[in-house]
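K.L.:
Right, I'll just put the structure down here and ask away after.
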Amino acid sequence: MLDKNLKNIYLGAAGGLIGVLVTFFALRVGFTFRVDLTDDHRYSLHSATIALIDSINEPVDATLFLEGDLNAGFKRLQTATQDLLHECQVRGHKWHIQTLAPDEQAQQQLAQVGYQPILIHEHAKNGKTAQTTVFPYLQLTIGSKTTFVPLLQNVQGLSGEENLNNSIENLEYALAENVHLLLQTTTPKIAFIEGHGELSEPDVFDISVALSRYFQIDRGVLGTEAGVLDDYAAVIIADPQMPFEEKDKYILDQYIMHGGTVLWLISGVRFDENGLSDGGFTPAIPLELNLDDMLFHYGVKVRSALVQDLQCLSVPVNVSVDEQQPNFQPIPWFYAPLLLSSETAPITRNLGQVSSVFASPIEVTTAEDGLRKQALLATSSDSRLIPTPAKVDLMDFNANPEEFHYRYLPVAVALEGQFPSTFAHRQAPRAITQSGQQKDLSTPTKQVVCGCGTLARNDWNNHQPLPAGYDRYSKRTFSNRDFIVNTVLWLTDTQNLIELRQKQVALRLLNERQVNIHRQMIQTLSTIIPVCLLAIVGTIVIIIRKRKYTAS
């Protein structure tokens, strides 16, 4: 009996000693082992992130400025960021991580790049309001390059908890994207096509500034050389108003055949914006761009119709009958729908509404062409179609809601796969020089077609550009800029980093009303139940041991 007990004691001590030694050795050599058992894989890195971290040959300094007296939501964001950085540190072994409040110099650096502190207003139980200043930013330094990463996403219309949860979902993508930028040795180029009445450089100033963080941006006409676009990662065709010549179509087509990517921002209807603002009405007729055959070969068609939506912007209209006393009231402008973004597409996940004016629906062909087609933006469940030609009247705001029976009309579509050439079995146009080898089927590539040419346009106020998607009347900024930037990043993404935007973290919120009602009971049960369970388990262990040794 005694020898048997001593043997068990020795075995237990030996097992404990081995465990201590293994732990000590693992800590000394830097070896760790973790298993992510969460259903949303919040502690696992994407394969694209792992490949990016493995490619780093220099030390990485990461300074998290989200520090101080944080509420529960920002504390969760801080913890999630620290966990992500720790995963990178475990993988890379060259990461130096610290969390601290920014000093005056760091605050000035953040202000220089347009990053301001966030003021949090919270109501305490005593009725007073507490104000806290936080800096939800991360500073990354690799070698001699430094960048700041905004951690907080603020989508208008969402609650604070939803915005914080979206920010946590976007953490890995934001980190990987900025690491990729720091590691870049060359800057890829994109081009805005000109020569067909497209939006001018001031019209897309805000979008250009946002894209210049990632790309070198050029503008120009296509000319006659077939390979003039070969050096560009993507081209943008922003709201053309004049027909494309066959030589221009051939250059674009062969660019796509050789793996080029295109963002088409095309209106299906021509209208007179000046006539609408001055006279209150404008004719709407089909916009002939000579692109229908080309887009049809690629699997889509921009319809020559306008969408109206009950979910739309408002415009101030004078409803007074007395000219001496104007009375401006907000009236829904059905021709300015607020488009819904897809939650299943990496481009639009966690984006807010996108504002549009005179948008046309996209019709997707049903042919078995092997292309992957996904709607990115769509109208609401209460929309209708206005065929052209038509007369658009600014005072047409008394529409019958029962007529809005269309649901989720697509206005932007992503295309991915191998596209057939519009010029298959045809000779190149005579105006083309240096045509090279003509291809009839593209290498795998991507395109995005939008049925609203003005999605990327920004207005100006006092010689200052306004953000794309800014509405002067409501003073709200919609997600147009983020949509365009994400689209171009998806088109040029060769490392699949944009797929990180599809990460989902479940938002589990407590019912505060029920918690306050049952607070006393919850506190009592939370205290008593663990103690009772511990006592029961301890009693069972004692009984088993007593019976075992009594029988022996």
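Ordered as shown in the structure tokens, chains take letters A, B, and onward, while each chain numbers its residues from 1 and ligands are numbered from 1 in the order shown.
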Among the residues of segment 227-294 of chain A, find those DSSP assigns to strand (DSSP E or B) from the backbone and print them as JSON, numbers by chain.
P.N.:
{"A": [234, 235, 236, 237, 238, 262, 263, 264, 265, 269, 270, 281, 282, 283, 284, 285, 286]}
K.L.:
May I have all residues of segment 256-437 of chain A that DSSP, computed from the backbone, assigns to helix (DSSP H, G or I), given as an NGL selection string?
P.N.:
:A and (256-257 or 273-279 or 292-297 or 401-403)
K.L.:
Between A:Leu291, A:Gln89, A:Ala62, A:Gly227, which residue has the minimum interatomic distance to Phe148 of chain A, considering only C-alpha atoms?
P.N.:
A:Ala62
K.L.:
Dump as a tab-separated table the rows for residues of segment 460-506 of chain A within 10 Å of segment 342-352 of chain A: closest atom pair and distance in Å with one decimal, only C-alpha atoms counted, ordered by chain and rising residue number.
P.N.:
```
residue	atom	partner	partner_atom	distance
A:Thr477	CA	A:Gly352	CA	9.8
A:Phe478	CA	A:Gly352	CA	6.8
A:Ser479	CA	A:Gly352	CA	5.6
A:Asn480	CA	A:Gly352	CA	8.9
A:Asp482	CA	A:Leu351	CA	7.6
A:Phe483	CA	A:Thr348	CA	6.5
A:Ile484	CA	A:Ile347	CA	9.0
A:Val485	CA	A:Ile347	CA	8.9
A:Asn486	CA	A:Ile347	CA	5.3
A:Thr487	CA	A:Ile347	CA	5.8
A:Val488	CA	A:Ile347	CA	9.1
A:Leu489	CA	A:Ile347	CA	8.5
A:Trp490	CA	A:Ile347	CA	6.7
A:Leu491	CA	A:Ile347	CA	9.7
A:Leu497	CA	A:Pro346	CA	9.8
A:Ile498	CA	A:Pro346	CA	6.2
A:Glu499	CA	A:Pro346	CA	5.8
A:Leu500	CA	A:Pro346	CA	7.6
A:Arg501	CA	A:Pro346	CA	5.3
A:Gln502	CA	A:Pro346	CA	5.4
A:Lys503	CA	A:Pro346	CA	9.1
A:Gln504	CA	A:Arg349	CA	9.9
```
K.L.:
Could you state the separation of atom CA of Ala233 of chain A and atom CA of Ala367 of chain A in Å, given to one decimal place?
P.N.:
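Distance between the two atoms: 28.2 Å.
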